[in-house]
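Printed here is input.txt (compact mmCIF, C-alpha atoms):
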# COMPACT_ATOMS: atom_id res chain seq x y z
CA MET O 598 0.00 0.00 0.00
CA THR O 599 1.36 3.41 -0.92
CA THR O 600 2.49 5.51 2.02
CA LYS O 601 2.46 9.27 1.67
CA THR O 602 4.06 11.66 4.10
CA LEU O 603 4.65 15.39 4.19
CA LEU O 604 7.90 16.43 5.83
CA MET O 605 7.85 20.04 6.99
CA ALA O 606 10.54 21.07 9.47
CA SER O 607 10.62 17.52 10.91
CA THR O 608 6.83 17.26 11.36
CA MET O 609 5.14 14.30 9.64
CA LEU O 610 1.64 14.90 8.23
CA SER O 611 -0.61 12.92 5.87
CA LEU O 612 -1.12 14.13 2.31
CA GLY O 613 -3.64 13.39 -0.44
CA LEU O 614 -2.93 12.86 -4.12
CA ALA O 615 -1.91 15.78 -6.30
CA THR O 616 -3.85 16.75 -9.41
CA ALA O 617 -3.01 14.50 -12.37
CA ALA O 618 -0.63 15.99 -14.93
CA THR O 619 1.80 14.84 -17.56
CA ALA O 620 5.41 16.04 -17.48
CA GLN O 621 6.52 17.49 -20.78
CA ASP O 622 9.79 18.60 -22.32
CA ASP O 623 12.73 18.62 -19.87
CA VAL O 624 10.98 20.43 -17.03
CA PRO O 625 8.70 18.32 -14.81
CA ALA O 626 5.21 19.69 -14.29
CA GLY O 627 5.84 20.34 -10.61
CA ALA O 628 9.16 22.16 -11.02
CA GLU O 629 7.54 25.60 -10.78
CA ASP O 630 5.82 24.84 -7.46
CA ASP O 631 7.12 26.27 -4.20
CA VAL O 632 7.17 22.76 -2.73
CA LEU O 633 10.08 20.36 -3.23
CA LYS O 634 8.57 16.95 -3.97
CA ILE O 635 10.58 13.75 -3.57
CA GLY O 636 9.39 10.20 -4.20
CA LEU O 637 11.08 7.22 -2.54
CA ILE O 638 10.72 3.77 -4.14
CA TYR O 639 12.08 0.94 -1.99
CA THR O 640 11.38 -2.70 -1.23
CA LEU O 641 9.59 -2.47 2.12
CA SER O 642 7.90 -5.87 2.32
CA GLY O 643 8.95 -9.50 1.93
CA PRO O 644 12.31 -11.12 2.78
CA ALA O 645 14.31 -8.13 1.50
CA ALA O 646 12.36 -5.50 3.44
CA ALA O 647 15.28 -4.86 5.81
CA LEU O 648 17.30 -3.41 2.93
CA GLY O 649 14.61 -0.98 1.87
CA GLU O 650 13.84 -0.03 5.45
CA GLN O 651 17.48 0.88 6.04
CA ALA O 652 17.49 3.05 2.90
CA ARG O 653 14.20 4.74 3.76
CA ASN O 654 15.37 5.35 7.32
CA GLY O 655 18.68 6.80 6.16
CA PHE O 656 16.96 9.24 3.83
CA MET O 657 14.37 10.25 6.41
CA LEU O 658 17.05 10.73 9.08
CA ALA O 659 18.86 13.23 6.87
CA ALA O 660 15.58 14.91 5.95
CA GLU O 661 14.67 15.33 9.61
CA GLN O 662 18.12 16.74 10.39
CA ILE O 663 17.96 19.18 7.48
CA GLY O 664 14.37 20.27 8.11
CA GLU O 665 13.36 21.90 4.84
CA ILE O 666 15.47 20.25 2.14
CA GLY O 667 17.02 22.85 -0.11
CA GLY O 668 15.41 25.51 2.06
CA MET O 669 12.00 24.59 0.61
CA GLU O 670 8.82 23.14 2.06
CA THR O 671 9.36 19.43 1.39
CA GLU O 672 6.95 16.65 0.52
CA ILE O 673 8.20 13.06 0.62
CA VAL O 674 6.13 10.22 -0.85
CA VAL O 675 7.21 6.69 0.16
CA ILE O 676 6.25 3.70 -1.99
CA ASP O 677 6.83 -0.02 -1.46
CA ASP O 678 7.76 -1.59 -4.82
CA GLU O 679 7.17 -5.07 -3.34
CA GLN O 680 10.21 -6.20 -5.37
CA ARG O 681 7.95 -6.31 -8.46
CA PRO O 682 9.31 -4.54 -11.56
CA ASP O 683 5.86 -4.12 -13.13
CA LYS O 684 4.48 -2.46 -10.01
CA ALA O 685 7.59 -0.31 -9.66
CA ALA O 686 7.22 0.99 -13.22
CA ASP O 687 3.61 1.96 -12.48
CA ASP O 688 4.73 3.56 -9.22
CA ALA O 689 7.34 5.60 -11.06
CA ARG O 690 4.76 6.86 -13.56
CA GLU O 691 2.43 7.83 -10.72
CA LEU O 692 5.19 9.76 -9.01
CA VAL O 693 6.23 11.79 -12.05
CA GLN O 694 2.84 12.23 -13.74
CA ARG O 695 0.36 12.38 -10.88
CA GLU O 696 2.42 13.42 -7.88
CA GLU O 697 4.66 15.68 -10.03
CA VAL O 698 7.77 14.94 -7.96
CA ASP O 699 11.03 16.72 -8.66
CA PHE O 700 13.21 13.76 -7.65
CA VAL O 701 12.72 10.00 -7.50
CA VAL O 702 15.04 8.23 -5.04
CA GLY O 703 15.67 4.47 -4.93
CA PRO O 704 15.51 1.53 -5.50
CA ILE O 705 17.31 -1.41 -3.85
CA PHE O 706 17.25 -4.01 -6.64
CA SER O 707 18.66 -3.69 -10.14
CA ASN O 708 15.66 -5.23 -11.88
CA ILE O 709 13.54 -2.51 -10.24
CA LEU O 710 15.99 0.16 -11.41
CA VAL O 711 15.73 -1.11 -14.99
CA ALA O 712 11.92 -0.89 -14.71
CA ILE O 713 11.74 2.66 -13.35
CA HIS O 714 14.65 4.29 -15.18
CA GLN O 715 12.94 5.23 -18.44
CA PRO O 716 9.60 6.33 -16.92
CA VAL O 717 11.50 8.77 -14.69
CA VAL O 718 14.46 10.20 -16.60
CA GLU O 719 12.71 10.67 -19.94
CA THR O 720 10.22 13.07 -18.31
CA GLY O 721 13.06 15.34 -17.16
CA THR O 722 12.74 14.18 -13.55
CA ILE O 723 15.96 13.43 -11.69
CA LEU O 724 16.40 9.81 -10.61
CA ILE O 725 18.91 9.17 -7.82
CA SER O 726 19.72 5.52 -7.20
CA THR O 727 20.90 4.90 -3.66
CA ASN O 728 21.78 1.27 -4.24
CA ALA O 729 21.33 -0.36 -7.66
CA GLY O 730 23.97 0.62 -10.21
CA THR O 731 23.79 -1.58 -13.29
CA SER O 732 26.63 -1.62 -15.80
CA ASN O 733 24.57 -0.36 -18.74
CA PHE O 734 23.54 2.85 -16.92
CA ALA O 735 27.17 3.44 -15.96
CA GLY O 736 28.25 3.01 -19.57
CA ALA O 737 26.48 3.30 -22.91
CA ASP O 738 23.05 4.02 -21.39
CA CYS O 739 24.19 6.75 -18.99
CA HIS O 740 21.78 9.67 -18.74
CA PRO O 741 22.15 13.27 -17.50
CA ASN O 742 19.03 12.88 -15.33
CA PHE O 743 20.38 9.78 -13.57
CA PHE O 744 22.72 10.01 -10.55
CA VAL O 745 24.00 7.28 -8.23
CA THR O 746 25.06 7.68 -4.59
CA SER O 747 26.10 4.04 -4.15
CA TYR O 748 28.46 2.39 -6.65
CA GLN O 749 28.50 0.56 -9.94
CA ASN O 750 27.26 -2.96 -9.20
CA ASP O 751 30.54 -4.65 -10.05
CA GLN O 752 32.74 -2.65 -7.70
CA ASN O 753 32.21 -4.19 -4.26
CA HIS O 754 32.63 -7.58 -5.88
CA GLU O 755 35.84 -6.42 -7.54
CA VAL O 756 37.13 -5.76 -4.01
CA MET O 757 36.73 -9.43 -3.18
CA GLY O 758 38.27 -10.52 -6.48
CA ALA O 759 41.29 -8.38 -5.70
CA TYR O 760 41.47 -9.84 -2.20
CA ALA O 761 41.26 -13.41 -3.55
CA GLU O 762 44.03 -12.53 -5.99
CA GLN O 763 46.07 -11.05 -3.14
CA GLN O 764 45.65 -14.27 -1.14
CA GLY O 765 46.78 -16.40 -4.08
CA TYR O 766 43.53 -18.36 -4.35
CA GLN O 767 43.40 -20.48 -7.49
CA ASN O 768 40.09 -22.31 -7.18
CA VAL O 769 37.08 -20.23 -6.07
CA PHE O 770 33.43 -21.33 -6.10
CA LEU O 771 31.08 -18.55 -7.29
CA MET O 772 27.40 -18.18 -6.42
CA ALA O 773 24.82 -15.41 -6.99
CA PRO O 774 21.09 -14.96 -7.74
CA ASN O 775 20.02 -15.12 -11.37
CA TYR O 776 19.26 -11.45 -12.12
CA GLN O 777 21.23 -8.46 -13.37
CA ALA O 778 22.96 -7.58 -10.10
CA GLY O 779 23.91 -11.23 -9.61
CA LYS O 780 25.46 -11.37 -13.05
CA ASP O 781 27.24 -8.06 -12.40
CA SER O 782 28.58 -9.43 -9.11
CA LEU O 783 30.33 -12.41 -10.67
CA ALA O 784 31.57 -10.27 -13.57
CA GLY O 785 32.99 -7.84 -11.03
CA PHE O 786 34.74 -10.58 -9.06
CA LYS O 787 36.29 -11.99 -12.23
CA HIS O 788 37.42 -8.54 -13.33
CA SER O 789 40.04 -8.48 -10.57
CA TYR O 790 40.55 -12.23 -10.08
CA THR O 791 42.60 -14.27 -12.55
CA GLY O 792 42.58 -17.66 -10.81
CA GLY O 793 40.48 -20.71 -11.57
CA VAL O 794 36.77 -21.23 -10.92
CA ALA O 795 35.74 -24.41 -9.09
CA GLY O 796 32.09 -23.90 -9.96
CA GLU O 797 29.68 -21.13 -10.92
CA VAL O 798 26.05 -21.26 -9.85
CA PHE O 799 23.15 -18.84 -10.39
CA THR O 800 20.34 -19.48 -7.93
CA GLU O 801 16.74 -18.31 -8.06
CA LEU O 802 16.21 -14.75 -6.79
CA GLY O 803 14.69 -15.12 -3.33
CA GLN O 804 15.95 -18.68 -2.82
CA LEU O 805 16.28 -19.61 0.86
CA ASP O 806 17.44 -23.26 0.80
CA PHE O 807 21.06 -23.67 -0.29
CA SER O 808 21.60 -27.32 0.66
CA SER O 809 22.23 -28.37 -2.94
CA GLU O 810 24.74 -25.58 -3.59
CA LEU O 811 26.56 -26.15 -0.29
CA ALA O 812 26.84 -29.85 -1.11
CA GLN O 813 28.69 -28.81 -4.26
CA VAL O 814 31.01 -26.56 -2.23
CA ALA O 815 31.72 -29.45 0.13
CA ALA O 816 32.45 -31.74 -2.80
CA PHE O 817 34.72 -29.31 -4.66
CA GLN O 818 36.59 -28.11 -1.53
CA PRO O 819 37.58 -24.83 -3.25
CA ASP O 820 40.14 -22.35 -1.95
CA ALA O 821 37.21 -20.05 -1.12
CA LEU O 822 33.54 -19.34 -1.78
CA PHE O 823 32.55 -15.99 -3.21
CA THR O 824 28.88 -15.08 -3.05
CA PHE O 825 26.42 -12.23 -3.40
CA MET O 826 23.21 -12.96 -1.47
CA PRO O 827 21.47 -9.87 -0.11
CA GLY O 828 18.74 -9.78 2.52
CA GLY O 829 17.01 -12.96 3.66
CA MET O 830 18.97 -14.99 1.13
CA GLY O 831 22.19 -13.98 2.86
CA VAL O 832 20.83 -14.74 6.33
CA ASN O 833 19.90 -18.29 5.36
CA LEU O 834 23.09 -18.92 3.42
CA VAL O 835 25.36 -17.85 6.29
CA LYS O 836 23.43 -19.95 8.83
CA GLN O 837 23.39 -23.00 6.54
CA TYR O 838 27.09 -22.53 5.73
CA ASP O 839 27.88 -22.58 9.44
CA GLN O 840 25.63 -25.60 10.05
CA ALA O 841 27.24 -27.47 7.14
CA GLY O 842 30.62 -27.26 8.86
CA LEU O 843 32.28 -25.46 5.96
CA SER O 844 34.32 -23.06 8.09
CA SER O 845 37.53 -24.42 6.54
CA VAL O 846 36.48 -22.84 3.22
CA PRO O 847 36.92 -19.03 3.40
CA PHE O 848 33.60 -17.21 2.91
CA LEU O 849 34.00 -14.07 0.77
CA SER O 850 31.00 -11.94 -0.08
CA ALA O 851 29.43 -8.58 -0.80
CA PHE O 852 25.97 -7.50 0.46
CA THR O 853 25.65 -10.84 2.26
CA VAL O 854 27.27 -10.10 5.62
CA ASP O 855 26.27 -6.60 6.64
CA GLU O 856 24.17 -4.64 9.11
CA THR O 857 20.91 -5.86 7.53
CA THR O 858 21.77 -9.54 8.00
CA LEU O 859 24.04 -9.53 11.06
CA PRO O 860 21.21 -9.05 13.59
CA ALA O 861 19.92 -12.44 12.41
CA THR O 862 23.17 -14.31 11.73
CA GLN O 863 25.11 -12.89 14.71
CA ASP O 864 27.99 -15.14 15.83
CA ALA O 865 27.67 -17.40 12.76
CA ALA O 866 28.90 -14.48 10.63
CA VAL O 867 31.65 -13.08 12.85
CA GLY O 868 34.97 -13.12 11.01
CA LEU O 869 33.43 -13.39 7.54
CA LEU O 870 34.86 -10.97 4.99
CA GLY O 871 33.16 -8.62 2.56
CA GLY O 872 33.76 -5.81 0.13
CA ALA O 873 32.16 -2.40 0.69
CA ASN O 874 32.38 1.32 0.01
CA TRP O 875 31.84 2.12 3.70
CA ALA O 876 31.74 0.71 7.21
CA PRO O 877 30.25 2.15 10.41
CA ASP O 878 33.67 2.53 12.02
CA LEU O 879 35.27 4.71 9.34
CA GLU O 880 37.07 7.48 11.19
CA ASN O 881 35.70 10.83 10.09
CA GLU O 882 33.47 13.41 11.80
CA ALA O 883 30.54 13.08 9.41
CA ASN O 884 30.45 9.30 9.81
CA ALA O 885 30.61 9.38 13.59
CA ALA O 886 27.69 11.81 13.69
CA PHE O 887 25.66 9.79 11.18
CA VAL O 888 26.14 6.43 12.93
CA GLU O 889 25.39 7.88 16.37
CA ALA O 890 22.22 9.61 15.11
CA TYR O 891 21.01 6.50 13.27
CA ILE O 892 21.47 4.24 16.30
CA GLU O 893 19.71 6.76 18.52
CA GLU O 894 16.78 7.11 16.09
CA TYR O 895 16.32 3.48 15.00
CA ASP O 896 18.09 1.40 17.68
CA ALA O 897 20.15 -0.38 15.01
CA VAL O 898 23.57 -0.03 13.38
CA PRO O 899 23.18 1.51 9.90
CA ALA O 900 24.11 -0.45 6.81
CA THR O 901 25.53 0.98 3.61
CA TYR O 902 21.96 1.16 2.27
CA ALA O 903 21.17 3.74 4.95
CA MET O 904 24.37 5.70 4.41
CA GLN O 905 23.87 5.96 0.65
CA ALA O 906 20.27 7.16 1.05
CA TYR O 907 21.39 9.61 3.74
CA ASP O 908 23.82 11.02 1.19
CA ALA O 909 21.07 11.26 -1.45
CA ALA O 910 19.12 13.59 0.84
CA GLN O 911 22.25 15.63 1.47
CA LEU O 912 22.94 15.74 -2.27
CA ILE O 913 19.46 17.04 -3.08
CA ASP O 914 19.69 19.60 -0.29
CA SER O 915 23.04 20.93 -1.50
CA ALA O 916 21.95 21.15 -5.14
CA VAL O 917 18.60 22.81 -4.54
CA ARG O 918 20.24 25.40 -2.30
CA LYS O 919 22.85 26.12 -4.98
CA VAL O 920 20.12 26.95 -7.53
CA GLY O 921 18.20 29.00 -4.99
CA GLY O 922 15.21 26.70 -5.18
CA ASP O 923 14.77 27.32 -8.93
CA LEU O 924 14.04 23.83 -10.25
CA THR O 925 13.08 25.03 -13.73
CA ASP O 926 16.70 25.52 -14.86
CA ARG O 927 17.50 21.86 -15.35
CA ASP O 928 21.04 22.41 -16.60
CA ALA O 929 21.88 24.43 -13.48
CA LEU O 930 20.26 21.81 -11.26
CA ARG O 931 22.19 18.98 -12.88
CA ALA O 932 25.43 20.97 -12.57
CA ALA O 933 24.73 21.58 -8.89
CA LEU O 934 24.10 17.88 -8.31
CA LYS O 935 27.34 17.07 -10.13
CA GLU O 936 29.29 19.20 -7.64
CA ALA O 937 28.27 16.88 -4.75
CA ASP O 938 28.94 19.65 -2.24
CA PHE O 939 28.27 17.82 1.03
CA ASP O 940 30.17 15.83 3.65
CA SER O 941 29.62 12.12 3.09
CA PRO O 942 30.04 9.63 5.96
CA ARG O 943 32.21 7.61 3.57
CA GLY O 944 34.74 10.45 3.28
CA ASP O 945 35.94 11.44 -0.19
CA PHE O 946 33.04 11.49 -2.65
CA SER O 947 32.70 12.93 -6.15
CA PHE O 948 30.91 12.10 -9.37
CA GLY O 949 32.58 10.77 -12.49
CA ASN O 950 31.57 11.67 -16.03
CA ASN O 951 28.77 9.08 -15.86
CA ASN O 952 27.27 10.48 -12.61
CA PHE O 953 28.48 7.44 -10.67
CA PRO O 954 30.65 7.97 -7.56
CA ILE O 955 34.42 8.07 -7.42
CA GLN O 956 35.23 6.70 -3.95
CA ASP O 957 37.31 4.30 -1.86
CA PHE O 958 36.48 0.62 -1.35
CA TYR O 959 37.32 -1.53 1.65
CA LEU O 960 37.80 -5.09 2.80
CA THR O 961 35.42 -5.45 5.75
CA GLU O 962 35.02 -8.03 8.50
CA ALA O 963 31.96 -8.92 10.56
CA VAL O 964 32.56 -8.16 14.24
CA LYS O 965 30.73 -8.01 17.54
CA ARG O 966 30.96 -4.48 18.90
CA GLU O 967 31.63 -3.54 22.51
CA ASP O 968 27.95 -2.62 22.89
CA GLY O 969 26.97 -6.19 21.89
CA ARG O 970 25.69 -5.20 18.45
CA PHE O 971 27.01 -6.89 15.31
CA ALA O 972 28.47 -4.78 12.49
CA THR O 973 31.08 -4.64 9.77
CA SER O 974 34.50 -3.14 10.35
CA ALA O 975 36.89 -1.74 7.74
CA ARG O 976 40.10 -3.77 7.64
CA GLU O 977 41.97 -2.16 4.76
CA VAL O 978 41.55 0.02 1.68
CA ILE O 979 41.54 -2.12 -1.46
CA PHE O 980 40.78 0.59 -4.06
CA ASP O 981 41.47 4.31 -3.66
CA ASP O 982 39.33 6.88 -5.56
CA TYR O 983 38.12 4.08 -7.80
CA VAL O 984 36.36 4.86 -11.10
CA ASP O 985 34.09 2.11 -12.40
CA THR O 986 35.19 0.21 -15.50
CA TYR O 987 32.20 1.29 -17.62
CA ALA O 988 32.68 5.06 -17.31
CA ASP O 989 34.66 5.32 -20.54
CA GLN O 990 31.62 4.00 -22.43
CA CYS O 991 29.51 6.94 -21.26
CA GLU O 992 29.46 9.83 -23.72
CA MET O 993 28.15 12.55 -21.40
CA GLY O 994 31.64 13.94 -20.92
CA ALA O 995 33.28 15.36 -17.83
CA SER O 996 31.03 18.38 -17.39

Give the structure from this file in structure tokens form.
Amino acid sequence: MTTKTLLMASTMLSLGLATAATAQDDVPAGAEDDVLKIGLIYTLSGPAAALGEQARNGFMLAAEQIGEIGGMETEIVVIDDEQRPDKAADDARELVQREEVDFVVGPIFSNILVAIHQPVVETGTILISTNAGTSNFAGADCHPNFFVTSYQNDQNHEVMGAYAEQQGYQNVFLMAPNYQAGKDSLAGFKHSYTGGVAGEVFTELGQLDFSSELAQVAAFQPDALFTFMPGGMGVNLVKQYDQAGLSSVPFLSAFTVDETTLPATQDAAVGLLGGANWAPDLENEANAAFVEAYIEEYDAVPATYAMQAYDAAQLIDSAVRKVGGDLTDRDALRAALKEADFDSPRGDFSFGNNNFPIQDFYLTEAVKREDGRFATSAREVIFDDYVDTYADQCEMGAS
């Protein structure tokens, strides 16, 4: 069910539907209003709800801290895509045509991003992805109305490929769900790993029983397992891996062992390694303030999903202030977004020519904190100021 909220100086009020309209040319129908309208599309139900909830919470935390985003009265509409691309596409059309939003923020999953991309950006509305970052939108299909505050999908997986290479592994078993992000994950791992592959398995998206795949791992006895299993998939895989007695096989992952899954996996995940663009214990002032505020507000350690959405709100705030609230000059608005003039909890952050981030990437480890909570911890920098490998296929240029 669609949730609609009005954020006005940290006060939450209900809001009815706006008058139906169709965005034309490059200026959305609502751009001349005095209200800044933002639509959030996240997966907020089902096994992957924890991911979307973290993202929504991160964005709303920043919005509450800012008050009026961009110095404007702010309306935020929150929609659950239910992890259904067809519904998400309809949601996106409702946001840009009926709600007349100025920005659409989200989603979590790449198949949802593919579904909402065209309905949003081709109306002149700005789409900011706070998680999904498929290779085509980083390369040949890049678009001036599309910005990403997360990463290109391959990159966190490239971290683990580089680590496997560093460790001298020659026989790694690969496993990921059978959808675009899963394919990107294994492509990313292989981009920085030159050793052999013991086996390569694509599971069903949403699969929760991995007994067959783990039997293969046990049979092959590879140097390591590399996997991408977000949300409930990751929870079950880690628990079943532990129960199968496979601790002798190093478990390498991305988006599988993080703050969305650790509350459920707990000790079974401690010591497992991952690749990430951020961790809660990064030492900078903005990060310390963000993590403290998130824990105080939501009684949970934030995951990267929350951080990236938090940055999206900061990004919008900085850009709208730079253009003095004039959302009709789209070139000026896009240029202001490109400047990324805000302090990110991840530290250094800038946009490349394709509107994807240039940032550092880390090897992380699951740990139990002194306060008893489980979280990831940054062990070492693997890539410094890393530009994704598809940027040179984007023809937007550097400006």

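Counting all atoms listed in the file, the residue from O:Ala963, O:Ala784, O:Ala851, O:Ala910 that sits nearest to O:Thr727 is O:Ala910.
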
>> What's the separation between atom CA of O:Tyr838 and atom CA of O:Asp820, in Å to one decimal place?
In response: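 If I compute the distance from atom CA of O:Tyr838 to atom CA of O:Asp820, I get 15.1 Å.
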
>> Would you compute the distance between atom CA of O:Val794 and atom CA of O:Gln767? Give it in Å to one decimal.
In response: 7.5 Å

>> I'd like the neighbourhood of O:Ile723 as a ChimeraX atom specification, where a residue qualifies if any of its atoms comes within 12 Å (using all atoms listed in the file), though same-chain residues fewer than 2 positions away should be ignored.
In response: /O:623-625,628,634-636,689,692-693,697-703,713-721,725-726,740-745,909,912-913,916,924,927-928,930-931,934,952

>> Please return as a list of chain:residue names every residue within 9 Å of (27.4, 1.6, -18.9), taking into account all atoms listed in the file and the file's own coordinates.
In response: O:Thr731, O:Ser732, O:Asn733, O:Phe734, O:Ala735, O:Gly736, O:Ala737, O:Asp738, O:Cys739, O:Asn951, O:Thr986, O:Tyr987, O:Ala988, O:Asp989, O:Gln990, O:Cys991

Restrict the calculation to all atoms listed in the file, then for each residue of stretch 859-897 of chain O with any atom at most 10 Å from an atom of stretch 642-658 of chain O give the closest atom pair and their distance in Å to one decimal, rows by chain and rising residue number, as CSV.
residue,atom,partner,partner_atom,distance
O:Phe887,CA,O:Leu658,CA,8.9
O:Ala890,CA,O:Leu658,CA,8.0
O:Tyr891,CA,O:Leu658,CA,7.2
O:Glu894,CA,O:Leu658,CA,7.9
O:Tyr895,CA,O:Asn654,CA,8.0
O:Ala897,CA,O:Gln651,CA,9.4

>> Between atom CA of O:Ala937 and atom CA of O:Ala873, what distance in Å does the model show, to one decimal?
In response: 20.4 Å

> Leaving out O:Asp968 and any residue of its chain fewer than 6 positions from it, which residues lie within 12 Å of it when counting all atoms listed in the file, given as a list in words?
Replying inline: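 Residues near the query, excluding close chain neighbours: Ile892, Asp896, Ala897 and Val898 of chain O.
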
For those residues, write C-alpha atoms to a file as an mmCIF file, in the coordinates of the input.
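What landed in out11.cif:
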data_model
loop_
_atom_site.group_PDB
_atom_site.id
_atom_site.type_symbol
_atom_site.label_atom_id
_atom_site.label_comp_id
_atom_site.auth_asym_id
_atom_site.auth_seq_id
_atom_site.Cartn_x
_atom_site.Cartn_y
_atom_site.Cartn_z
ATOM 1 C CA ILE O 892 21.470 4.240 16.300
ATOM 2 C CA ASP O 896 18.090 1.400 17.680
ATOM 3 C CA ALA O 897 20.150 -0.380 15.010
ATOM 4 C CA VAL O 898 23.570 -0.030 13.380
#

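Take the candidates O:Phe706, O:Pro774, O:Ile666, O:Leu637 and check each one against O:Leu724 using all atoms listed in the file; the shortest distance goes to O:Leu637.
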
Polymer residues at most 10 Å from O:Val756, all atoms listed in the file, same-chain spacing of 6 or more positions, as an mmCIF file with C-alpha atoms, keeping the file's coordinate frame:
data_model
loop_
_atom_site.group_PDB
_atom_site.id
_atom_site.type_symbol
_atom_site.label_atom_id
_atom_site.label_comp_id
_atom_site.auth_asym_id
_atom_site.auth_seq_id
_atom_site.Cartn_x
_atom_site.Cartn_y
_atom_site.Cartn_z
ATOM 1 C CA GLU O 762 44.030 -12.530 -5.990
ATOM 2 C CA GLY O 785 32.990 -7.840 -11.030
ATOM 3 C CA PHE O 786 34.740 -10.580 -9.060
ATOM 4 C CA HIS O 788 37.420 -8.540 -13.330
ATOM 5 C CA SER O 789 40.040 -8.480 -10.570
ATOM 6 C CA TYR O 790 40.550 -12.230 -10.080
ATOM 7 C CA SER O 850 31.000 -11.940 -0.080
ATOM 8 C CA ALA O 851 29.430 -8.580 -0.800
ATOM 9 C CA GLY O 871 33.160 -8.620 2.560
ATOM 10 C CA GLY O 872 33.760 -5.810 0.130
ATOM 11 C CA ALA O 873 32.160 -2.400 0.690
ATOM 12 C CA ASN O 874 32.380 1.320 0.010
ATOM 13 C CA PHE O 958 36.480 0.620 -1.350
ATOM 14 C CA TYR O 959 37.320 -1.530 1.650
ATOM 15 C CA LEU O 960 37.800 -5.090 2.800
ATOM 16 C CA THR O 961 35.420 -5.450 5.750
ATOM 17 C CA VAL O 978 41.550 0.020 1.680
ATOM 18 C CA ILE O 979 41.540 -2.120 -1.460
ATOM 19 C CA PHE O 980 40.780 0.590 -4.060
#
